[in-house]
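Note: the block below is data.pdb and it holds PDB, C-alpha atoms.
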ATOM      1  CA  MET A   1       0.000   0.000   0.000  1.00  0.00           C
ATOM      2  CA  PRO A   2       1.519   3.369  -0.967  1.00  0.00           C
ATOM      3  CA  LYS A   3       2.249   5.782   1.856  1.00  0.00           C
ATOM      4  CA  LYS A   4      -0.023   8.503   0.481  1.00  0.00           C
ATOM      5  CA  SER A   5      -3.072   6.260   0.588  1.00  0.00           C
ATOM      6  CA  LEU A   6      -2.114   5.058   4.081  1.00  0.00           C
ATOM      7  CA  ILE A   7      -1.809   8.648   5.285  1.00  0.00           C
ATOM      8  CA  ARG A   8      -5.169   9.487   3.711  1.00  0.00           C
ATOM      9  CA  ILE A   9      -6.775   6.528   5.511  1.00  0.00           C
ATOM     10  CA  LEU A  10      -5.214   7.632   8.807  1.00  0.00           C
ATOM     11  CA  HIS A  11      -6.559  11.159   8.314  1.00  0.00           C
ATOM     12  CA  VAL A  12     -10.038   9.741   7.757  1.00  0.00           C
ATOM     13  CA  VAL A  13      -9.711   7.656  10.938  1.00  0.00           C
ATOM     14  CA  ILE A  14      -8.610  10.732  12.923  1.00  0.00           C
ATOM     15  CA  ILE A  15     -11.529  12.794  11.632  1.00  0.00           C
ATOM     16  CA  THR A  16     -13.936   9.955  12.432  1.00  0.00           C
ATOM     17  CA  GLY A  17     -12.513   9.760  15.956  1.00  0.00           C
ATOM     18  CA  ILE A  18     -12.901  13.499  16.494  1.00  0.00           C
ATOM     19  CA  ILE A  19     -16.482  13.387  15.216  1.00  0.00           C
ATOM     20  CA  LEU A  20     -17.241  10.529  17.625  1.00  0.00           C
ATOM     21  CA  ILE A  21     -15.715  12.465  20.523  1.00  0.00           C
ATOM     22  CA  LEU A  22     -17.800  15.528  19.727  1.00  0.00           C
ATOM     23  CA  THR A  23     -20.945  13.443  19.256  1.00  0.00           C
ATOM     24  CA  GLY A  24     -20.396  11.696  22.588  1.00  0.00           C
ATOM     25  CA  HIS A  25     -19.862  15.033  24.317  1.00  0.00           C
ATOM     26  CA  TYR A  26     -23.065  16.357  22.812  1.00  0.00           C
ATOM     27  CA  LEU A  27     -24.993  13.262  23.885  1.00  0.00           C
ATOM     28  CA  VAL A  28     -23.715  13.434  27.457  1.00  0.00           C
ATOM     29  CA  THR A  29     -24.289  17.165  27.917  1.00  0.00           C
ATOM     30  CA  SER A  30     -27.609  17.546  26.116  1.00  0.00           C
ATOM     31  CA  ASP A  31     -31.046  16.366  27.149  1.00  0.00           C
ATOM     32  CA  THR A  32     -31.521  14.070  24.164  1.00  0.00           C
ATOM     33  CA  LEU A  33     -30.724  10.831  25.988  1.00  0.00           C
ATOM     34  CA  THR A  34     -31.860  11.707  29.516  1.00  0.00           C
ATOM     35  CA  HIS A  35     -35.045   9.686  29.084  1.00  0.00           C
ATOM     36  CA  LEU A  36     -32.852   6.572  28.814  1.00  0.00           C
ATOM     37  CA  GLY A  37     -31.291   7.229  32.208  1.00  0.00           C
ATOM     38  CA  PRO A  38     -27.864   5.676  32.806  1.00  0.00           C
ATOM     39  CA  LEU A  39     -27.971   3.943  29.433  1.00  0.00           C
ATOM     40  CA  GLY A  40     -27.886   7.362  27.758  1.00  0.00           C
ATOM     41  CA  PHE A  41     -24.666   8.220  29.575  1.00  0.00           C
ATOM     42  CA  VAL A  42     -23.194   4.848  28.643  1.00  0.00           C
ATOM     43  CA  ILE A  43     -23.963   5.510  24.965  1.00  0.00           C
ATOM     44  CA  GLY A  44     -22.350   8.961  25.124  1.00  0.00           C
ATOM     45  CA  ALA A  45     -19.319   7.682  27.014  1.00  0.00           C
ATOM     46  CA  SER A  46     -18.943   4.821  24.534  1.00  0.00           C
ATOM     47  CA  CYS A  47     -18.852   7.300  21.658  1.00  0.00           C
ATOM     48  CA  ILE A  48     -16.167   9.296  23.449  1.00  0.00           C
ATOM     49  CA  ALA A  49     -14.121   6.181  24.251  1.00  0.00           C
ATOM     50  CA  LEU A  50     -14.323   4.864  20.704  1.00  0.00           C
ATOM     51  CA  GLY A  51     -13.338   8.277  19.360  1.00  0.00           C
ATOM     52  CA  LEU A  52     -10.287   8.357  21.619  1.00  0.00           C
ATOM     53  CA  ILE A  53      -9.325   4.835  20.610  1.00  0.00           C
ATOM     54  CA  LEU A  54      -9.501   5.836  16.944  1.00  0.00           C
ATOM     55  CA  SER A  55      -7.809   9.206  17.118  1.00  0.00           C
ATOM     56  CA  LEU A  56      -4.875   8.857  19.517  1.00  0.00           C
ATOM     57  CA  PRO A  57      -2.865   5.957  18.028  1.00  0.00           C
ATOM     58  CA  THR A  58      -3.201   7.347  14.521  1.00  0.00           C
ATOM     59  CA  LYS A  59      -1.840  10.715  15.667  1.00  0.00           C
ATOM     60  CA  ILE A  60       1.157   8.972  17.177  1.00  0.00           C
ATOM     61  CA  TYR A  61       1.751   6.977  13.983  1.00  0.00           C
ATOM     62  CA  LEU A  62       1.483  10.083  11.797  1.00  0.00           C
ATOM     63  CA  THR A  63       3.941  11.903  14.064  1.00  0.00           C
ATOM     64  CA  ILE A  64       6.419   9.043  13.721  1.00  0.00           C
ATOM     65  CA  LEU A  65       6.017   9.133   9.924  1.00  0.00           C
ATOM     66  CA  LEU A  66       6.664  12.871   9.851  1.00  0.00           C
ATOM     67  CA  MET A  67       9.754  12.467  12.060  1.00  0.00           C
ATOM     68  CA  ARG A  68      11.114   9.781   9.731  1.00  0.00           C
ATOM     69  CA  ARG A  69      10.438  11.977   6.704  1.00  0.00           C
ATOM     70  CA  GLU A  70      12.371  14.885   8.232  1.00  0.00           C
ATOM     71  CA  GLY A  71      15.242  12.563   9.155  1.00  0.00           C
ATOM     72  CA  HIS A  72      15.671  11.392   5.544  1.00  0.00           C
ATOM     73  CA  GLU A  73      15.693  14.889   4.049  1.00  0.00           C
TER      74      GLU A  73
END
Structure re-expressed in structure tokens:
Amino acid sequence: MPKKSLIRILHVVIITGIILILTGHYLVTSDTLTHLGPLGFVIGASCIALGLILSLPTKIYLTILLMRREGHE
């Protein structure tokens, strides 16, 4: 797989993770899921957790790629 397509996929994963984090924050802070009780908070927290799982490792990998690129130039 070429590096450009891998980097594009990682950017998509990061954006998806950030969207999930923001969606989870909205769900926890708004009144949309309060009728579900604790299950509503679990859904919001799950969105936040999944967003963090998606976004953090890809940021680390992209940083390592950029450091390698600067080392070769």
Checklist outcome for this item: One residue among A:Thr29, A:Thr34, A:Thr16, A:Ser5 is nearest to A:Leu52 when using all atoms listed in the file, and that residue is A:Thr16
Item to check | 9 Å contact set for A:Lys59, all atoms listed in the file, chain neighbours under 3 positions out, as a ChimeraX atom specification | outcome: /A:10-11,14,55-56,62-64
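Straight-line separation from atom CA of A:Gly24 to atom CA of A:Ile48: 4.9 Å.
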Checklist entry - What gap, in Å, lies between atom CA of A:Cys47 and atom CA of A:Leu22? => result 8.5 Å
Checklist entry - Using all atoms listed in the file, which residue out of A:Met67, A:Leu20, A:Ile9, A:Leu36 lies closest to A:Gly51? => result A:Leu20
Next on the checklist: Using the chain letters and numbers from this file, what does the PyMOL selection byres ((chain A and resi 28) around 9) select? Give the answer as a ChimeraX atom specification.
Outcome noted: /A:23-27,29-34,40-45
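With atom CA of A:Leu39 on one side and atom CA of A:Val13 on the other, the separation reads 26.3 Å.
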Taking all listed atoms of stretch 43-57 of chain A, build the axis-aligned box, pad each of the six sides by 8 Å, then write its centre and edge lengths in Å to one decimal as lines of an AutoDock Vina configuration file.
center_x = -13.4
center_y = 7.1
center_z = 22.0
size_x = 37.1
size_y = 20.5
size_z = 26.1
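The closest residue to A:Ala49, picked from A:Leu6, A:Gly71, A:Ile18, A:His35 and counting only C-alpha atoms, is A:Ile18.
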Can I get N, CA and C atoms for stretch 24-71 of chain A, as a PDB file, in the first residue's frame?
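See out-v5.pdb below for the written result:
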ATOM      1  N   GLY A  24     -20.247  12.201  21.229  1.00  0.00           N
ATOM      2  CA  GLY A  24     -20.396  11.696  22.588  1.00  0.00           C
ATOM      3  C   GLY A  24     -20.528  12.813  23.603  1.00  0.00           C
ATOM      4  N   HIS A  25     -19.757  13.881  23.415  1.00  0.00           N
ATOM      5  CA  HIS A  25     -19.862  15.033  24.317  1.00  0.00           C
ATOM      6  C   HIS A  25     -21.237  15.677  24.214  1.00  0.00           C
ATOM      7  N   TYR A  26     -21.730  15.796  23.001  1.00  0.00           N
ATOM      8  CA  TYR A  26     -23.065  16.357  22.812  1.00  0.00           C
ATOM      9  C   TYR A  26     -24.127  15.475  23.471  1.00  0.00           C
ATOM     10  N   LEU A  27     -24.006  14.174  23.309  1.00  0.00           N
ATOM     11  CA  LEU A  27     -24.993  13.262  23.885  1.00  0.00           C
ATOM     12  C   LEU A  27     -24.986  13.291  25.412  1.00  0.00           C
ATOM     13  N   VAL A  28     -23.805  13.427  25.996  1.00  0.00           N
ATOM     14  CA  VAL A  28     -23.715  13.434  27.457  1.00  0.00           C
ATOM     15  C   VAL A  28     -24.224  14.756  28.027  1.00  0.00           C
ATOM     16  N   THR A  29     -23.935  15.864  27.360  1.00  0.00           N
ATOM     17  CA  THR A  29     -24.289  17.165  27.917  1.00  0.00           C
ATOM     18  C   THR A  29     -25.687  17.631  27.547  1.00  0.00           C
ATOM     19  N   SER A  30     -26.283  17.080  26.516  1.00  0.00           N
ATOM     20  CA  SER A  30     -27.609  17.546  26.116  1.00  0.00           C
ATOM     21  C   SER A  30     -28.691  16.703  26.786  1.00  0.00           C
ATOM     22  N   ASP A  31     -29.919  17.079  26.555  1.00  0.00           N
ATOM     23  CA  ASP A  31     -31.046  16.366  27.149  1.00  0.00           C
ATOM     24  C   ASP A  31     -31.649  15.337  26.204  1.00  0.00           C
ATOM     25  N   THR A  32     -30.938  14.981  25.150  1.00  0.00           N
ATOM     26  CA  THR A  32     -31.521  14.070  24.164  1.00  0.00           C
ATOM     27  C   THR A  32     -31.637  12.641  24.681  1.00  0.00           C
ATOM     28  N   LEU A  33     -30.705  12.211  25.511  1.00  0.00           N
ATOM     29  CA  LEU A  33     -30.724  10.831  25.988  1.00  0.00           C
ATOM     30  C   LEU A  33     -31.046  10.727  27.476  1.00  0.00           C
ATOM     31  N   THR A  34     -31.568  11.783  28.084  1.00  0.00           N
ATOM     32  CA  THR A  34     -31.860  11.707  29.516  1.00  0.00           C
ATOM     33  C   THR A  34     -33.035  10.782  29.815  1.00  0.00           C
ATOM     34  N   HIS A  35     -33.920  10.594  28.849  1.00  0.00           N
ATOM     35  CA  HIS A  35     -35.045   9.686  29.084  1.00  0.00           C
ATOM     36  C   HIS A  35     -34.595   8.232  29.168  1.00  0.00           C
ATOM     37  N   LEU A  36     -33.382   7.935  28.698  1.00  0.00           N
ATOM     38  CA  LEU A  36     -32.852   6.572  28.814  1.00  0.00           C
ATOM     39  C   LEU A  36     -32.195   6.316  30.167  1.00  0.00           C
ATOM     40  N   GLY A  37     -31.931   7.372  30.905  1.00  0.00           N
ATOM     41  CA  GLY A  37     -31.291   7.229  32.208  1.00  0.00           C
ATOM     42  C   GLY A  37     -29.808   6.918  32.058  1.00  0.00           C
ATOM     43  N   PRO A  38     -29.296   5.998  32.861  1.00  0.00           N
ATOM     44  CA  PRO A  38     -27.864   5.676  32.806  1.00  0.00           C
ATOM     45  C   PRO A  38     -27.425   5.124  31.447  1.00  0.00           C
ATOM     46  N   LEU A  39     -28.332   4.478  30.754  1.00  0.00           N
ATOM     47  CA  LEU A  39     -27.971   3.943  29.433  1.00  0.00           C
ATOM     48  C   LEU A  39     -27.594   5.066  28.471  1.00  0.00           C
ATOM     49  N   GLY A  40     -28.234   6.218  28.598  1.00  0.00           N
ATOM     50  CA  GLY A  40     -27.886   7.362  27.758  1.00  0.00           C
ATOM     51  C   GLY A  40     -26.455   7.821  27.997  1.00  0.00           C
ATOM     52  N   PHE A  41     -26.044   7.847  29.264  1.00  0.00           N
ATOM     53  CA  PHE A  41     -24.666   8.220  29.575  1.00  0.00           C
ATOM     54  C   PHE A  41     -23.674   7.172  29.083  1.00  0.00           C
ATOM     55  N   VAL A  42     -24.066   5.919  29.139  1.00  0.00           N
ATOM     56  CA  VAL A  42     -23.194   4.848  28.643  1.00  0.00           C
ATOM     57  C   VAL A  42     -23.008   4.986  27.136  1.00  0.00           C
ATOM     58  N   ILE A  43     -24.069   5.325  26.418  1.00  0.00           N
ATOM     59  CA  ILE A  43     -23.963   5.510  24.965  1.00  0.00           C
ATOM     60  C   ILE A  43     -23.039   6.681  24.651  1.00  0.00           C
ATOM     61  N   GLY A  44     -23.214   7.804  25.349  1.00  0.00           N
ATOM     62  CA  GLY A  44     -22.350   8.961  25.124  1.00  0.00           C
ATOM     63  C   GLY A  44     -20.900   8.676  25.477  1.00  0.00           C
ATOM     64  N   ALA A  45     -20.684   8.014  26.603  1.00  0.00           N
ATOM     65  CA  ALA A  45     -19.319   7.682  27.014  1.00  0.00           C
ATOM     66  C   ALA A  45     -18.680   6.681  26.060  1.00  0.00           C
ATOM     67  N   SER A  46     -19.477   5.782  25.511  1.00  0.00           N
ATOM     68  CA  SER A  46     -18.943   4.821  24.534  1.00  0.00           C
ATOM     69  C   SER A  46     -18.499   5.528  23.268  1.00  0.00           C
ATOM     70  N   CYS A  47     -19.267   6.518  22.831  1.00  0.00           N
ATOM     71  CA  CYS A  47     -18.852   7.300  21.658  1.00  0.00           C
ATOM     72  C   CYS A  47     -17.541   8.014  21.919  1.00  0.00           C
ATOM     73  N   ILE A  48     -17.407   8.598  23.103  1.00  0.00           N
ATOM     74  CA  ILE A  48     -16.167   9.296  23.449  1.00  0.00           C
ATOM     75  C   ILE A  48     -15.001   8.314  23.506  1.00  0.00           C
ATOM     76  N   ALA A  49     -15.198   7.166  24.132  1.00  0.00           N
ATOM     77  CA  ALA A  49     -14.121   6.181  24.251  1.00  0.00           C
ATOM     78  C   ALA A  49     -13.699   5.654  22.890  1.00  0.00           C
ATOM     79  N   LEU A  50     -14.658   5.349  22.039  1.00  0.00           N
ATOM     80  CA  LEU A  50     -14.323   4.864  20.704  1.00  0.00           C
ATOM     81  C   LEU A  50     -13.601   5.938  19.892  1.00  0.00           C
ATOM     82  N   GLY A  51     -14.021   7.180  20.045  1.00  0.00           N
ATOM     83  CA  GLY A  51     -13.338   8.277  19.360  1.00  0.00           C
ATOM     84  C   GLY A  51     -11.905   8.430  19.811  1.00  0.00           C
ATOM     85  N   LEU A  52     -11.660   8.281  21.116  1.00  0.00           N
ATOM     86  CA  LEU A  52     -10.287   8.357  21.619  1.00  0.00           C
ATOM     87  C   LEU A  52      -9.448   7.188  21.123  1.00  0.00           C
ATOM     88  N   ILE A  53     -10.046   6.011  21.096  1.00  0.00           N
ATOM     89  CA  ILE A  53      -9.325   4.835  20.610  1.00  0.00           C
ATOM     90  C   ILE A  53      -8.936   5.016  19.142  1.00  0.00           C
ATOM     91  N   LEU A  54      -9.806   5.634  18.362  1.00  0.00           N
ATOM     92  CA  LEU A  54      -9.501   5.836  16.944  1.00  0.00           C
ATOM     93  C   LEU A  54      -8.502   6.960  16.711  1.00  0.00           C
ATOM     94  N   SER A  55      -8.596   8.033  17.463  1.00  0.00           N
ATOM     95  CA  SER A  55      -7.809   9.206  17.118  1.00  0.00           C
ATOM     96  C   SER A  55      -6.392   9.207  17.690  1.00  0.00           C
ATOM     97  N   LEU A  56      -6.191   8.725  18.900  1.00  0.00           N
ATOM     98  CA  LEU A  56      -4.875   8.857  19.517  1.00  0.00           C
ATOM     99  C   LEU A  56      -3.775   8.012  18.872  1.00  0.00           C
ATOM    100  N   PRO A  57      -3.960   6.722  18.640  1.00  0.00           N
ATOM    101  CA  PRO A  57      -2.865   5.957  18.028  1.00  0.00           C
ATOM    102  C   PRO A  57      -2.508   6.428  16.617  1.00  0.00           C
ATOM    103  N   THR A  58      -3.505   6.884  15.875  1.00  0.00           N
ATOM    104  CA  THR A  58      -3.201   7.347  14.521  1.00  0.00           C
ATOM    105  C   THR A  58      -2.405   8.637  14.555  1.00  0.00           C
ATOM    106  N   LYS A  59      -2.647   9.498  15.532  1.00  0.00           N
ATOM    107  CA  LYS A  59      -1.840  10.715  15.667  1.00  0.00           C
ATOM    108  C   LYS A  59      -0.398  10.360  15.974  1.00  0.00           C
ATOM    109  N   ILE A  60      -0.207   9.395  16.839  1.00  0.00           N
ATOM    110  CA  ILE A  60       1.157   8.972  17.177  1.00  0.00           C
ATOM    111  C   ILE A  60       1.851   8.400  15.951  1.00  0.00           C
ATOM    112  N   TYR A  61       1.150   7.571  15.178  1.00  0.00           N
ATOM    113  CA  TYR A  61       1.751   6.977  13.983  1.00  0.00           C
ATOM    114  C   TYR A  61       2.087   8.044  12.944  1.00  0.00           C
ATOM    115  N   LEU A  62       1.193   9.014  12.747  1.00  0.00           N
ATOM    116  CA  LEU A  62       1.483  10.083  11.797  1.00  0.00           C
ATOM    117  C   LEU A  62       2.666  10.934  12.246  1.00  0.00           C
ATOM    118  N   THR A  63       2.796  11.152  13.545  1.00  0.00           N
ATOM    119  CA  THR A  63       3.941  11.903  14.064  1.00  0.00           C
ATOM    120  C   THR A  63       5.233  11.149  13.797  1.00  0.00           C
ATOM    121  N   ILE A  64       5.221   9.846  13.998  1.00  0.00           N
ATOM    122  CA  ILE A  64       6.419   9.043  13.721  1.00  0.00           C
ATOM    123  C   ILE A  64       6.762   9.099  12.234  1.00  0.00           C
ATOM    124  N   LEU A  65       5.751   9.026  11.362  1.00  0.00           N
ATOM    125  CA  LEU A  65       6.017   9.133   9.924  1.00  0.00           C
ATOM    126  C   LEU A  65       6.630  10.469   9.565  1.00  0.00           C
ATOM    127  N   LEU A  66       6.120  11.549  10.150  1.00  0.00           N
ATOM    128  CA  LEU A  66       6.664  12.871   9.851  1.00  0.00           C
ATOM    129  C   LEU A  66       8.094  13.002  10.372  1.00  0.00           C
ATOM    130  N   MET A  67       8.386  12.412  11.527  1.00  0.00           N
ATOM    131  CA  MET A  67       9.754  12.467  12.060  1.00  0.00           C
ATOM    132  C   MET A  67      10.708  11.692  11.161  1.00  0.00           C
ATOM    133  N   ARG A  68      10.275  10.548  10.645  1.00  0.00           N
ATOM    134  CA  ARG A  68      11.114   9.781   9.731  1.00  0.00           C
ATOM    135  C   ARG A  68      11.353  10.540   8.435  1.00  0.00           C
ATOM    136  N   ARG A  69      10.310  11.214   7.949  1.00  0.00           N
ATOM    137  CA  ARG A  69      10.438  11.977   6.704  1.00  0.00           C
ATOM    138  C   ARG A  69      11.438  13.109   6.866  1.00  0.00           C
ATOM    139  N   GLU A  70      11.424  13.795   8.005  1.00  0.00           N
ATOM    140  CA  GLU A  70      12.371  14.885   8.232  1.00  0.00           C
ATOM    141  C   GLU A  70      13.782  14.347   8.418  1.00  0.00           C
ATOM    142  N   GLY A  71      13.919  13.153   8.955  1.00  0.00           N
ATOM    143  CA  GLY A  71      15.242  12.563   9.155  1.00  0.00           C
ATOM    144  C   GLY A  71      15.903  12.170   7.851  1.00  0.00           C
TER     145      GLY A  71
END
